[in-house]
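Only one structure is covered here, and it is reproduced in the block below.
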Amino acid sequence: MTHLSPAQLYRHCDVSQFAFETTADLEELEGLIGQQRAVEAVQFGIGIRQEGYNLFVVGPHGTGKFTAVRQYLEQAAAKDPTPADWCYVNNFEQPHKPRALELPPGRGIVLQKDMEKLVQELRTAIPAAFERDDYRKQRQGLEEELTARQEQAFKALQTAAQERSLAVVRTPTGLAFAPLKGDQVLKAEEFQQLPEEERQKIQQAIADLQNLLEETIRQIQQWERAYREKVKTLDREVARFAADHLIEELRKKYADLPEVITYLNEVEQDVIENVNDFRKQEEETPPPLLGMPLPRALQAPPPFRRYQVNVLVDRDGMQGAPVVYLDHPTYQNLIGRVEHIATPAGTVMTDFNLVKGGALHQANGGYLILEAHKLLQQTYSWDALKRVLRAREIRIESLGQIFGLINTVALEPEPIPLNIKIVLIGDRMLYYLLCQFDPDFNELFKVLVDFEEEMDRTPENDMLYARLIGTLARKENLHHFDRGAVARVIEHSARIVGDAEKLSARMQGIADLLREADYWARQAGRAVVTAADVQQAIEAQVYRSSRVRERLLEEINRGTILIDTEGEKVGQINGLSVITLGQYAFGRPSRITATVRLGQGKVVDIEREVELGGPLHSKGVLILAGYLGARYAPDVPLSLSASLVFEQSYSGVDGDSASSAELYALLSALADVPLKQSLAVTGSVNQHGQVQAIGGVNEKIEGFFDVCQARGLTGEQGVLIPAANVKHLMLRRDVVEAVEAGQFHIYAVETIDQGIEILTGLPAGQRGEDGQFPEGTVNHRVEARLVELARKAQAGEKGEERKEEGGGMRDEG
């Protein structure tokens, strides 16, 4: 047992270790402090280029992990080569499968503009070429040749008809033959009046000529086909003449890109095959859609949209590799999508111009940062990410295509090769769950980047903290901090982590404190932030969050919540717990009572019985029975029935930090020895009676101190804490001052025996050579009570046996 001194309750930061006056004298801090493990993991993950070495960053919120990781990624990306542009162009053989083109950085948009310019020039050059005299003459010669042949064939047919006294006449259904009488065609009535023999002769002549007519028509059709083929060949030659020199310029410009040359050759062939699209002089301007101008991809007339270039990824002006953060990782935002648009005709259409890239396309060749919980919240995004990482390519598909919900023909853009480093940011529990339940996770995310929550409090780290404060002050245009203010920030950092030997690595909370201290310094008209400004910022933070704590304290002072801070009671003790509301935690004393009676060796946890106790609290209570059985009357069975309860507890209780207090109350009830109500207790206990460390020790001590201070400090009040928690003490100044004045006491205990001596004022007692505890000690009284209960239990069992035996004899009689 140790009665702690004021020096043990708070570790001050030695201002004399600082050789600067204000943080303006310090150099800026580069990188992180206290995160060597995480920094090395990030550098390893960035440096290794093997498949599957993506990063998963874990750590508590506020450690600056996102900012730090992004900073390291940007530093590495600046040294990496700039990745290629990616474009989608028309696949002239299979339009539903757009082709992907890879171009050097910045040349994608150049190709897009070159193709737009080419189409405009072709729409001018091709019609002009077909207006040339030489083309017209050649076309006219072909037409005259066809006309001459047709006329010659018709004349031959007429001559043959005239030789048979027949005429060739035109009818709505085509050419026909009619008999002649002189130069006049016989009417139907006149033909019927002819003798039968003459009519048959005329009909035979018509039948003979009909065969000649059919042969002539077939020959004319062949001539027309030949004519059309010659015209088409002529048109191709003219189109090639008009387009070749224009496209040849582009071939020379992109001679270093074979895929672009192949595409330009296909464009030229398609232009020649569809030259009539360029000969139309009527310009049809697409009407606006719902009063809005059409997107650029739809502004060109439909025949010419197939020659456009859809720049999916434009690296123009970029230096180094991209670092992309996707805040809303839906499937479409991640993988990309194929858009559709309503046409003026009321239908829906799409083509390669409406293929849109996702974050994976933008980050290809670089780094993509995603928040793990957001990714997992989006339907199908996680599976899609794993699929592209395994395949090493990005395939844009709609969810309907993936699940077979769409049977219509849909675009199937050519997959784009993927070279990327994924960085997921999440919490530790999510990481461990994915490791356990997702078999693909460990193969795809092999680098764990684990950020610390705290770091050692050493003079070196104190100096790094000072430089960090100066760096944040410069970045956010805050007043600089003097040495005293820096020391107070460091002390508060240790209080945040609840450890006098550690400092907080959660820089978000520290940065907030700096901003608020700067505010109070400006309010006071100071040019430099002082320790008083930091203290005022801390107190203001507490005041803004402490409404519930003040209401609880008020109810205790009014007697609504029963807490004794004076006198002695049997089986009653003040336990301590911590309540956390948001970012604020405070201690609350609770009355714990114990009752004992004859029973079967069971310690009843009333909190557990009514389902208010958590598993850890129930474990702590069960340990008490083990302690009693091992420590007292080992040769007789436990024959007690004990009840333990947190009085006036109306919500869940968990944790084992009150198990030592419950054991003290139980020992008091067994020994019938009163406990001092001026003391409160915290600490867990094991089956050997050792008092173990707990969390929230500072808040618990201050919670009981506030109750005692409100009622008036008597010099008898205090708190018992585990000796293992002494190194965690960073108590408020008023608590330290009260201890220094002898008005409040803090005791560090290692065993239950030490604690029971403080609480009762009686010696605990150790077994002598005779195996017995000395008379008058607490342990002797406890053991005597347990032996007494065991004897009563045995006597009761024998009485029951005699009754049963007697009842059996009466039955026989």
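Identifiers for the structure tokens are assigned positionally: chains receive A, B, ... in sequence, residues are indexed from 1 per chain, and ligands are indexed from 1 in the order shown.
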
Within 7 Å of region 666-675 of chain A, counting only C-alpha atoms, which residues show up once you throw out same-chain ones fewer than 6 positions away? Write them as JSON, numbers by chain, please. {"A": [568, 569, 570, 571, 572, 573, 594, 595, 596, 759, 760, 778, 781, 782, 785]}

Determine, counting only C-alpha atoms, which protein, DNA and RNA residues have an atom within 8 Å of an atom of region 23-27 of chain A; residues of the same chain fewer than 5 positions away are not included. Present the result as a list in words.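 Listing them by chain and then by number gives Ala466, Arg467, Ile469, Gly470, Thr471, His480, Phe481, Asp482 and Arg483 of chain A.
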
May I have the selected residues written with N, CA and C atoms, as a CSV table (one decimal), in the first residue's frame?
```csv
chain,number,residue,atom,x,y,z
A,466,ALA,N,6.5,20.1,-29.9
A,466,ALA,CA,6.6,21.6,-30.0
A,466,ALA,C,6.7,22.0,-31.5
A,467,ARG,N,7.5,21.3,-32.2
A,467,ARG,CA,7.7,21.6,-33.7
A,467,ARG,C,6.4,21.4,-34.4
A,469,ILE,N,3.4,21.8,-33.1
A,469,ILE,CA,2.5,22.9,-32.7
A,469,ILE,C,2.9,24.1,-33.6
A,470,GLY,N,4.2,24.3,-33.8
A,470,GLY,CA,4.6,25.5,-34.6
A,470,GLY,C,4.2,25.3,-36.0
A,471,THR,N,4.3,24.0,-36.6
A,471,THR,CA,3.9,23.8,-38.0
A,471,THR,C,2.4,24.0,-38.2
A,480,HIS,N,1.6,32.1,-32.6
A,480,HIS,CA,2.5,31.1,-32.1
A,480,HIS,C,2.4,30.9,-30.6
A,481,PHE,N,2.9,29.8,-30.1
A,481,PHE,CA,2.7,29.4,-28.7
A,481,PHE,C,4.0,29.6,-27.9
A,482,ASP,N,4.0,30.1,-26.7
A,482,ASP,CA,5.2,30.2,-25.9
A,482,ASP,C,5.5,28.9,-25.3
A,483,ARG,N,6.6,28.8,-24.6
A,483,ARG,CA,7.1,27.5,-24.0
A,483,ARG,C,6.0,27.0,-23.0
```

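As for CA of Leu562 (chain A) and CA of Thr580 (chain A), they are spaced 21.4 Å apart.
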
Any idea what's packed within 7 Å of region 376-382 of chain A, counting only C-alpha atoms, ignoring anything in its chain fewer than 3 positions away? Could you give it as a list in words?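 The residues that qualify are Pro329, Thr330, Tyr331, Ala372, His373, Leu385 and Lys386 of chain A.
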
Using only C-alpha atoms, which of the listed residues (A:Tyr627, A:Phe56, A:Trp520, A:Phe705) sits closest to Phe586 (chain A)?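 So, comparing all the options, the nearest one is A:Phe705.
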
Shell of 10 Å around region 442-452 of chain A, only C-alpha atoms, local chain residues under 5 positions omitted, as a CSV table (one decimal) with all heavy atoms, in the first residue's frame:
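File written: around.csv
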```csv
chain,number,residue,atom,x,y,z
A,34,GLY,N,5.8,9.7,-34.0
A,34,GLY,CA,5.3,8.6,-33.3
A,34,GLY,C,4.6,7.5,-34.1
A,34,GLY,O,3.9,6.7,-33.6
A,35,GLN,N,4.9,7.5,-35.4
A,35,GLN,CA,4.2,6.6,-36.3
A,35,GLN,C,5.2,5.9,-37.2
A,35,GLN,O,5.0,5.7,-38.4
A,35,GLN,CB,3.2,7.3,-37.2
A,35,GLN,CG,2.1,8.0,-36.4
A,35,GLN,CD,1.1,7.1,-35.8
A,35,GLN,OE1,1.2,5.8,-35.9
A,35,GLN,NE2,0.1,7.6,-35.0
A,36,GLN,N,6.4,5.5,-36.6
A,36,GLN,CA,7.4,4.9,-37.4
A,36,GLN,C,7.0,3.6,-38.1
A,36,GLN,O,7.3,3.3,-39.3
A,36,GLN,CB,8.6,4.6,-36.5
A,36,GLN,CG,9.9,4.1,-37.3
A,36,GLN,CD,10.4,5.1,-38.3
A,36,GLN,OE1,10.3,6.3,-38.1
A,36,GLN,NE2,11.0,4.6,-39.4
A,37,ARG,N,6.2,2.8,-37.4
A,37,ARG,CA,5.7,1.5,-38.0
A,37,ARG,C,4.8,1.8,-39.2
A,37,ARG,O,5.0,1.2,-40.2
A,37,ARG,CB,4.9,0.8,-36.9
A,37,ARG,CG,4.5,-0.6,-37.3
A,37,ARG,CD,3.4,-1.2,-36.4
A,37,ARG,NE,3.6,-0.9,-35.0
A,37,ARG,CZ,4.4,-1.7,-34.3
A,37,ARG,NH1,4.9,-2.8,-34.8
A,37,ARG,NH2,4.6,-1.4,-33.0
A,38,ALA,N,3.9,2.8,-39.0
A,38,ALA,CA,3.0,3.1,-40.2
A,38,ALA,C,3.8,3.7,-41.3
A,38,ALA,O,3.5,3.4,-42.5
A,38,ALA,CB,1.9,4.1,-39.7
A,39,VAL,N,4.7,4.6,-41.0
A,39,VAL,CA,5.5,5.2,-42.1
A,39,VAL,C,6.3,4.1,-42.9
A,39,VAL,O,6.3,4.2,-44.2
A,39,VAL,CB,6.4,6.3,-41.5
A,39,VAL,CG1,7.4,6.7,-42.6
A,39,VAL,CG2,5.6,7.4,-41.0
A,40,GLU,N,6.9,3.2,-42.2
A,40,GLU,CA,7.7,2.2,-42.9
A,40,GLU,C,6.7,1.3,-43.7
A,40,GLU,O,7.1,0.9,-44.8
A,40,GLU,CB,8.5,1.3,-41.9
A,40,GLU,CG,9.6,2.1,-41.3
A,40,GLU,CD,10.4,1.2,-40.3
A,40,GLU,OE1,10.1,0.0,-40.3
A,40,GLU,OE2,11.4,1.7,-39.7
A,41,ALA,N,5.6,1.0,-43.2
A,41,ALA,CA,4.6,0.2,-44.0
A,41,ALA,C,4.1,0.9,-45.2
A,41,ALA,O,4.0,0.3,-46.3
A,41,ALA,CB,3.4,-0.2,-43.1
A,42,VAL,N,3.9,2.2,-45.1
A,42,VAL,CA,3.4,3.0,-46.3
A,42,VAL,C,4.5,3.0,-47.3
A,42,VAL,O,4.3,2.8,-48.6
A,42,VAL,CB,3.1,4.4,-45.9
A,42,VAL,CG1,2.8,5.3,-47.1
A,42,VAL,CG2,1.8,4.4,-45.0
A,43,GLN,N,5.8,3.2,-46.9
A,43,GLN,CA,6.9,3.3,-47.9
A,43,GLN,C,7.1,1.9,-48.5
A,43,GLN,O,7.4,1.8,-49.7
A,43,GLN,CB,8.2,3.7,-47.1
A,43,GLN,CG,8.1,5.2,-46.7
A,43,GLN,CD,9.3,5.6,-45.8
A,43,GLN,OE1,10.0,4.7,-45.3
A,43,GLN,NE2,9.5,6.9,-45.7
A,44,PHE,N,6.9,0.8,-47.7
A,44,PHE,CA,7.1,-0.5,-48.3
A,44,PHE,C,6.0,-0.8,-49.3
A,44,PHE,O,6.2,-1.3,-50.4
A,44,PHE,CB,7.0,-1.5,-47.2
A,44,PHE,CG,6.9,-2.9,-47.7
A,44,PHE,CD1,8.0,-3.6,-48.2
A,44,PHE,CD2,5.7,-3.6,-47.6
A,44,PHE,CE1,7.8,-4.9,-48.7
A,44,PHE,CE2,5.5,-4.9,-48.0
A,44,PHE,CZ,6.6,-5.6,-48.6
A,45,GLY,N,4.7,-0.4,-48.9
A,45,GLY,CA,3.6,-0.7,-49.8
A,45,GLY,C,3.7,0.1,-51.1
A,45,GLY,O,3.3,-0.4,-52.2
A,46,ILE,N,4.2,1.3,-51.0
A,46,ILE,CA,4.4,2.1,-52.3
A,46,ILE,C,5.5,1.6,-53.1
A,46,ILE,O,5.4,1.5,-54.4
A,46,ILE,CB,4.7,3.6,-51.9
A,46,ILE,CG1,3.4,4.2,-51.2
A,46,ILE,CG2,5.1,4.4,-53.1
A,46,ILE,CD1,3.7,5.6,-50.7
A,48,ILE,N,6.9,-1.6,-53.3
A,48,ILE,CA,6.8,-2.9,-53.8
A,48,ILE,C,5.8,-2.9,-55.0
A,48,ILE,O,4.7,-2.4,-54.8
A,48,ILE,CB,6.5,-4.0,-52.8
A,48,ILE,CG1,6.6,-5.4,-53.3
A,48,ILE,CG2,5.1,-3.7,-52.2
A,48,ILE,CD1,6.6,-6.5,-52.3
A,51,GLU,N,2.1,-8.0,-57.5
A,51,GLU,CA,0.6,-8.1,-57.5
A,51,GLU,C,0.1,-8.4,-56.1
A,51,GLU,O,0.7,-9.3,-55.4
A,51,GLU,CB,0.2,-9.1,-58.5
A,51,GLU,CG,-1.3,-9.2,-58.6
A,51,GLU,CD,-1.7,-10.2,-59.7
A,51,GLU,OE1,-0.9,-10.7,-60.5
A,51,GLU,OE2,-2.9,-10.6,-59.8
A,52,GLY,N,-0.9,-7.8,-55.7
A,52,GLY,CA,-1.6,-8.0,-54.4
A,52,GLY,C,-1.1,-7.2,-53.3
A,52,GLY,O,-1.7,-7.2,-52.2
A,53,TYR,N,-0.1,-6.4,-53.5
A,53,TYR,CA,0.5,-5.6,-52.4
A,53,TYR,C,-0.2,-4.2,-52.3
A,53,TYR,O,0.4,-3.1,-52.4
A,53,TYR,CB,2.0,-5.4,-52.5
A,53,TYR,CG,2.7,-6.7,-52.1
A,53,TYR,CD1,2.9,-7.7,-53.0
A,53,TYR,CD2,3.2,-6.8,-50.8
A,53,TYR,CE1,3.6,-8.9,-52.6
A,53,TYR,CE2,3.8,-8.0,-50.4
A,53,TYR,CZ,4.0,-9.0,-51.3
A,53,TYR,OH,4.7,-10.1,-50.9
A,54,ASN,N,-1.5,-4.2,-52.2
A,54,ASN,CA,-2.3,-3.0,-51.9
A,54,ASN,C,-2.3,-2.8,-50.4
A,54,ASN,O,-2.0,-3.7,-49.6
A,54,ASN,CB,-3.7,-3.2,-52.5
A,54,ASN,CG,-3.7,-3.4,-54.0
A,54,ASN,OD1,-3.3,-2.5,-54.7
A,54,ASN,ND2,-4.1,-4.5,-54.4
A,55,LEU,N,-2.7,-1.6,-50.0
A,55,LEU,CA,-2.5,-1.1,-48.6
A,55,LEU,C,-3.9,-1.1,-48.0
A,55,LEU,O,-4.9,-0.6,-48.6
A,55,LEU,CB,-1.8,0.2,-48.5
A,55,LEU,CG,-0.4,0.3,-48.9
A,55,LEU,CD1,-0.2,0.3,-50.4
A,55,LEU,CD2,0.3,1.6,-48.3
A,56,PHE,N,-3.9,-1.5,-46.7
A,56,PHE,CA,-5.1,-1.3,-45.8
A,56,PHE,C,-4.6,-0.5,-44.6
A,56,PHE,O,-3.8,-1.0,-43.8
A,56,PHE,CB,-5.8,-2.6,-45.4
A,56,PHE,CG,-7.2,-2.4,-44.9
A,56,PHE,CD1,-8.2,-2.7,-45.7
A,56,PHE,CD2,-7.4,-1.8,-43.7
A,56,PHE,CE1,-9.5,-2.6,-45.2
A,56,PHE,CE2,-8.7,-1.7,-43.2
A,56,PHE,CZ,-9.7,-2.0,-44.0
A,57,VAL,N,-5.1,0.7,-44.5
A,57,VAL,CA,-4.6,1.6,-43.4
A,57,VAL,C,-5.7,1.6,-42.3
A,57,VAL,O,-6.9,1.8,-42.5
A,57,VAL,CB,-4.5,3.1,-43.9
A,57,VAL,CG1,-4.0,4.0,-42.8
A,57,VAL,CG2,-3.6,3.1,-45.2
A,58,VAL,N,-5.2,1.2,-41.1
A,58,VAL,CA,-6.1,1.2,-39.9
A,58,VAL,C,-5.6,2.1,-38.8
A,58,VAL,O,-4.4,2.5,-38.8
A,58,VAL,CB,-6.1,-0.3,-39.4
A,58,VAL,CG1,-6.7,-1.2,-40.4
A,58,VAL,CG2,-4.8,-0.7,-38.9
A,59,GLY,N,-6.4,2.4,-37.9
A,59,GLY,CA,-6.1,3.3,-36.8
A,59,GLY,C,-7.3,4.1,-36.4
A,59,GLY,O,-8.3,4.2,-37.1
A,60,PRO,N,-7.3,4.7,-35.2
A,60,PRO,CA,-8.4,5.4,-34.7
A,60,PRO,C,-8.6,6.7,-35.5
A,60,PRO,O,-7.6,7.2,-36.1
A,60,PRO,CB,-8.0,5.7,-33.3
A,60,PRO,CG,-6.5,5.6,-33.2
A,60,PRO,CD,-6.2,4.6,-34.3
A,61,HIS,N,-9.8,7.3,-35.4
A,61,HIS,CA,-10.0,8.6,-36.1
A,61,HIS,C,-9.2,9.7,-35.4
A,61,HIS,O,-9.0,9.6,-34.2
A,61,HIS,CB,-11.5,8.9,-36.0
A,61,HIS,CG,-12.4,8.0,-36.8
A,61,HIS,ND1,-12.4,8.0,-38.2
A,61,HIS,CD2,-13.2,7.0,-36.4
A,61,HIS,CE1,-13.2,7.1,-38.6
A,61,HIS,NE2,-13.8,6.5,-37.6
A,63,THR,N,-6.0,10.5,-36.0
A,63,THR,CA,-4.6,10.3,-36.0
A,63,THR,C,-3.9,10.9,-37.2
A,63,THR,O,-2.7,10.9,-37.4
A,63,THR,CB,-4.2,8.8,-36.0
A,63,THR,OG1,-4.9,8.1,-37.0
A,63,THR,CG2,-4.6,8.2,-34.7
A,64,GLY,N,-4.7,11.5,-38.2
A,64,GLY,CA,-4.2,12.1,-39.4
A,64,GLY,C,-3.7,11.1,-40.4
A,64,GLY,O,-2.9,11.4,-41.3
A,65,LYS,N,-4.3,9.9,-40.3
A,65,LYS,CA,-3.8,8.8,-41.2
A,65,LYS,C,-4.1,9.1,-42.7
A,65,LYS,O,-3.3,8.9,-43.6
A,65,LYS,CB,-4.4,7.4,-40.8
A,65,LYS,CG,-5.9,7.4,-40.7
A,65,LYS,CD,-6.3,6.0,-40.3
A,65,LYS,CE,-7.8,5.8,-40.2
A,65,LYS,NZ,-8.4,6.7,-39.1
A,69,VAL,N,-1.1,9.6,-45.2
A,69,VAL,CA,-0.9,8.6,-46.3
A,69,VAL,C,-1.0,9.3,-47.7
A,69,VAL,O,-0.2,9.0,-48.6
A,69,VAL,CB,-2.0,7.5,-46.2
A,69,VAL,CG1,-2.0,6.6,-47.5
A,69,VAL,CG2,-1.7,6.6,-45.0
A,386,LYS,N,-12.6,-6.2,-56.3
A,386,LYS,CA,-11.8,-7.4,-56.2
A,386,LYS,C,-11.7,-8.0,-57.6
A,386,LYS,O,-10.6,-8.5,-58.0
A,386,LYS,CB,-12.5,-8.4,-55.3
A,386,LYS,CG,-12.4,-8.0,-53.8
A,386,LYS,CD,-12.8,-9.1,-52.9
A,386,LYS,CE,-14.3,-9.5,-53.1
A,386,LYS,NZ,-14.6,-10.6,-52.2
A,389,LEU,N,-9.1,-6.1,-59.7
A,389,LEU,CA,-7.7,-6.3,-59.2
A,389,LEU,C,-7.2,-7.7,-59.5
A,389,LEU,O,-6.0,-7.9,-59.9
A,389,LEU,CB,-7.7,-6.2,-57.7
A,389,LEU,CG,-7.9,-4.7,-57.1
A,389,LEU,CD1,-7.9,-4.7,-55.6
A,389,LEU,CD2,-6.8,-3.8,-57.7
A,390,ARG,N,-8.1,-8.7,-59.5
A,390,ARG,CA,-7.7,-10.1,-59.9
A,390,ARG,C,-7.4,-10.1,-61.4
A,390,ARG,O,-6.5,-10.7,-61.9
A,390,ARG,CB,-8.7,-11.1,-59.5
A,390,ARG,CG,-8.8,-11.4,-58.0
A,390,ARG,CD,-9.6,-12.7,-57.8
A,390,ARG,NE,-10.9,-12.5,-58.2
A,390,ARG,CZ,-12.0,-12.1,-57.5
A,390,ARG,NH1,-11.7,-11.9,-56.2
A,390,ARG,NH2,-13.2,-12.0,-58.0
A,421,LYS,N,-2.4,1.0,-57.5
A,421,LYS,CA,-2.2,0.7,-56.1
A,421,LYS,C,-3.4,1.2,-55.4
A,421,LYS,O,-3.6,2.4,-55.4
A,421,LYS,CB,-0.9,1.3,-55.6
A,421,LYS,CG,-0.5,0.9,-54.2
A,421,LYS,CD,0.1,-0.5,-54.1
A,421,LYS,CE,1.5,-0.5,-54.7
A,421,LYS,NZ,2.2,-1.8,-54.5
A,422,ILE,N,-4.1,0.3,-54.7
A,422,ILE,CA,-5.3,0.7,-54.0
A,422,ILE,C,-4.9,0.9,-52.5
A,422,ILE,O,-4.2,0.1,-51.9
A,422,ILE,CB,-6.4,-0.4,-54.1
A,422,ILE,CG1,-6.8,-0.6,-55.6
A,422,ILE,CG2,-7.6,0.0,-53.3
A,422,ILE,CD1,-7.5,0.5,-56.2
A,423,VAL,N,-5.5,2.0,-51.9
A,423,VAL,CA,-5.3,2.2,-50.5
A,423,VAL,C,-6.6,2.3,-49.8
A,423,VAL,O,-7.4,3.2,-50.1
A,423,VAL,CB,-4.5,3.5,-50.3
A,423,VAL,CG1,-4.3,3.8,-48.8
A,423,VAL,CG2,-3.1,3.5,-51.0
A,424,LEU,N,-6.9,1.3,-49.0
A,424,LEU,CA,-8.2,1.4,-48.2
A,424,LEU,C,-7.9,1.9,-46.9
A,424,LEU,O,-6.9,1.5,-46.2
A,424,LEU,CB,-8.8,0.0,-48.1
A,424,LEU,CG,-9.4,-0.7,-49.4
A,424,LEU,CD1,-10.0,-2.0,-49.1
A,424,LEU,CD2,-10.4,0.2,-50.0
A,425,ILE,N,-8.8,2.7,-46.4
A,425,ILE,CA,-8.7,3.3,-45.0
A,425,ILE,C,-9.9,2.9,-44.2
A,425,ILE,O,-11.0,3.1,-44.6
A,425,ILE,CB,-8.6,4.9,-45.1
A,425,ILE,CG1,-7.3,5.3,-45.9
A,425,ILE,CG2,-8.6,5.4,-43.7
A,425,ILE,CD1,-7.2,6.8,-46.0
A,427,ASP,N,-11.1,0.9,-40.0
A,427,ASP,CA,-10.7,0.7,-38.6
A,427,ASP,C,-10.2,-0.8,-38.4
A,427,ASP,O,-10.3,-1.6,-39.3
A,427,ASP,CB,-11.9,1.0,-37.7
A,427,ASP,CG,-13.1,0.2,-38.0
A,427,ASP,OD1,-13.0,-1.0,-38.3
A,427,ASP,OD2,-14.2,0.8,-38.1
A,428,ARG,N,-9.6,-1.0,-37.3
A,428,ARG,CA,-9.0,-2.3,-37.1
A,428,ARG,C,-10.0,-3.5,-37.1
A,428,ARG,O,-9.8,-4.5,-37.7
A,428,ARG,CB,-8.3,-2.3,-35.7
A,428,ARG,CG,-7.1,-1.4,-35.7
A,428,ARG,CD,-6.2,-1.6,-34.5
A,428,ARG,NE,-5.0,-0.7,-34.5
A,428,ARG,CZ,-5.0,0.4,-33.9
A,428,ARG,NH1,-6.1,0.9,-33.2
A,428,ARG,NH2,-3.9,1.2,-33.9
A,431,TYR,N,-10.8,-4.5,-40.6
A,431,TYR,CA,-9.7,-5.2,-41.2
A,431,TYR,C,-9.7,-6.6,-40.7
A,431,TYR,O,-9.6,-7.6,-41.5
A,431,TYR,CB,-8.4,-4.5,-40.8
A,431,TYR,CG,-7.2,-5.3,-41.2
A,431,TYR,CD1,-6.7,-5.2,-42.5
A,431,TYR,CD2,-6.5,-6.1,-40.3
A,431,TYR,CE1,-5.6,-5.9,-42.9
A,431,TYR,CE2,-5.3,-6.8,-40.7
A,431,TYR,CZ,-4.9,-6.7,-42.0
A,431,TYR,OH,-3.8,-7.4,-42.4
A,434,LEU,N,-12.6,-8.7,-42.3
A,434,LEU,CA,-12.3,-9.0,-43.7
A,434,LEU,C,-11.3,-10.1,-43.8
A,434,LEU,O,-11.4,-11.0,-44.6
A,434,LEU,CB,-11.9,-7.8,-44.5
A,434,LEU,CG,-12.9,-6.7,-44.7
A,434,LEU,CD1,-12.3,-5.4,-45.3
A,434,LEU,CD2,-14.0,-7.2,-45.7
A,435,CYS,N,-10.3,-10.1,-43.0
A,435,CYS,CA,-9.3,-11.1,-42.9
A,435,CYS,C,-9.9,-12.5,-42.6
A,435,CYS,O,-9.5,-13.5,-43.2
A,435,CYS,CB,-8.2,-10.8,-41.9
A,435,CYS,SG,-7.0,-9.5,-42.4
A,436,GLN,N,-10.9,-12.5,-41.7
A,436,GLN,CA,-11.5,-13.7,-41.3
A,436,GLN,C,-12.5,-14.3,-42.2
A,436,GLN,O,-12.5,-15.5,-42.5
A,436,GLN,CB,-12.1,-13.5,-39.9
A,436,GLN,CG,-12.8,-14.7,-39.3
A,436,GLN,CD,-11.8,-15.7,-38.8
A,436,GLN,OE1,-10.6,-15.3,-38.5
A,436,GLN,NE2,-12.1,-17.0,-38.8
A,504,SER,N,-0.6,11.6,-26.9
A,504,SER,CA,-1.6,11.2,-27.9
A,504,SER,C,-1.1,11.4,-29.3
A,504,SER,O,-0.4,12.4,-29.6
A,504,SER,CB,-2.9,12.1,-27.7
A,504,SER,OG,-3.8,11.9,-28.7
A,505,ALA,N,-1.4,10.4,-30.1
A,505,ALA,CA,-1.1,10.5,-31.5
A,505,ALA,C,-2.3,10.9,-32.4
A,505,ALA,O,-2.2,11.0,-33.6
A,505,ALA,CB,-0.5,9.2,-32.0
A,506,ARG,N,-3.4,11.2,-31.7
A,506,ARG,CA,-4.6,11.7,-32.4
A,506,ARG,C,-4.5,13.2,-32.6
A,506,ARG,O,-4.9,14.0,-31.7
A,506,ARG,CB,-5.8,11.3,-31.6
A,506,ARG,CG,-6.1,9.8,-31.4
A,506,ARG,CD,-7.5,9.6,-30.9
A,506,ARG,NE,-7.7,8.1,-30.7
A,506,ARG,CZ,-8.9,7.6,-30.6
A,506,ARG,NH1,-10.0,8.4,-30.6
A,506,ARG,NH2,-9.0,6.3,-30.4
```

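Every protein, DNA or RNA residue with an atom at most 12 Å from Lys230 (chain A), where only C-alpha atoms count and chain neighbours fewer than 6 positions away do not, is listed here: Gln138, Arg139, Gln140, Gly141, Leu142, Glu143, Glu145, Leu146, Trp223, Glu224, Arg236 and Glu237 of chain A.
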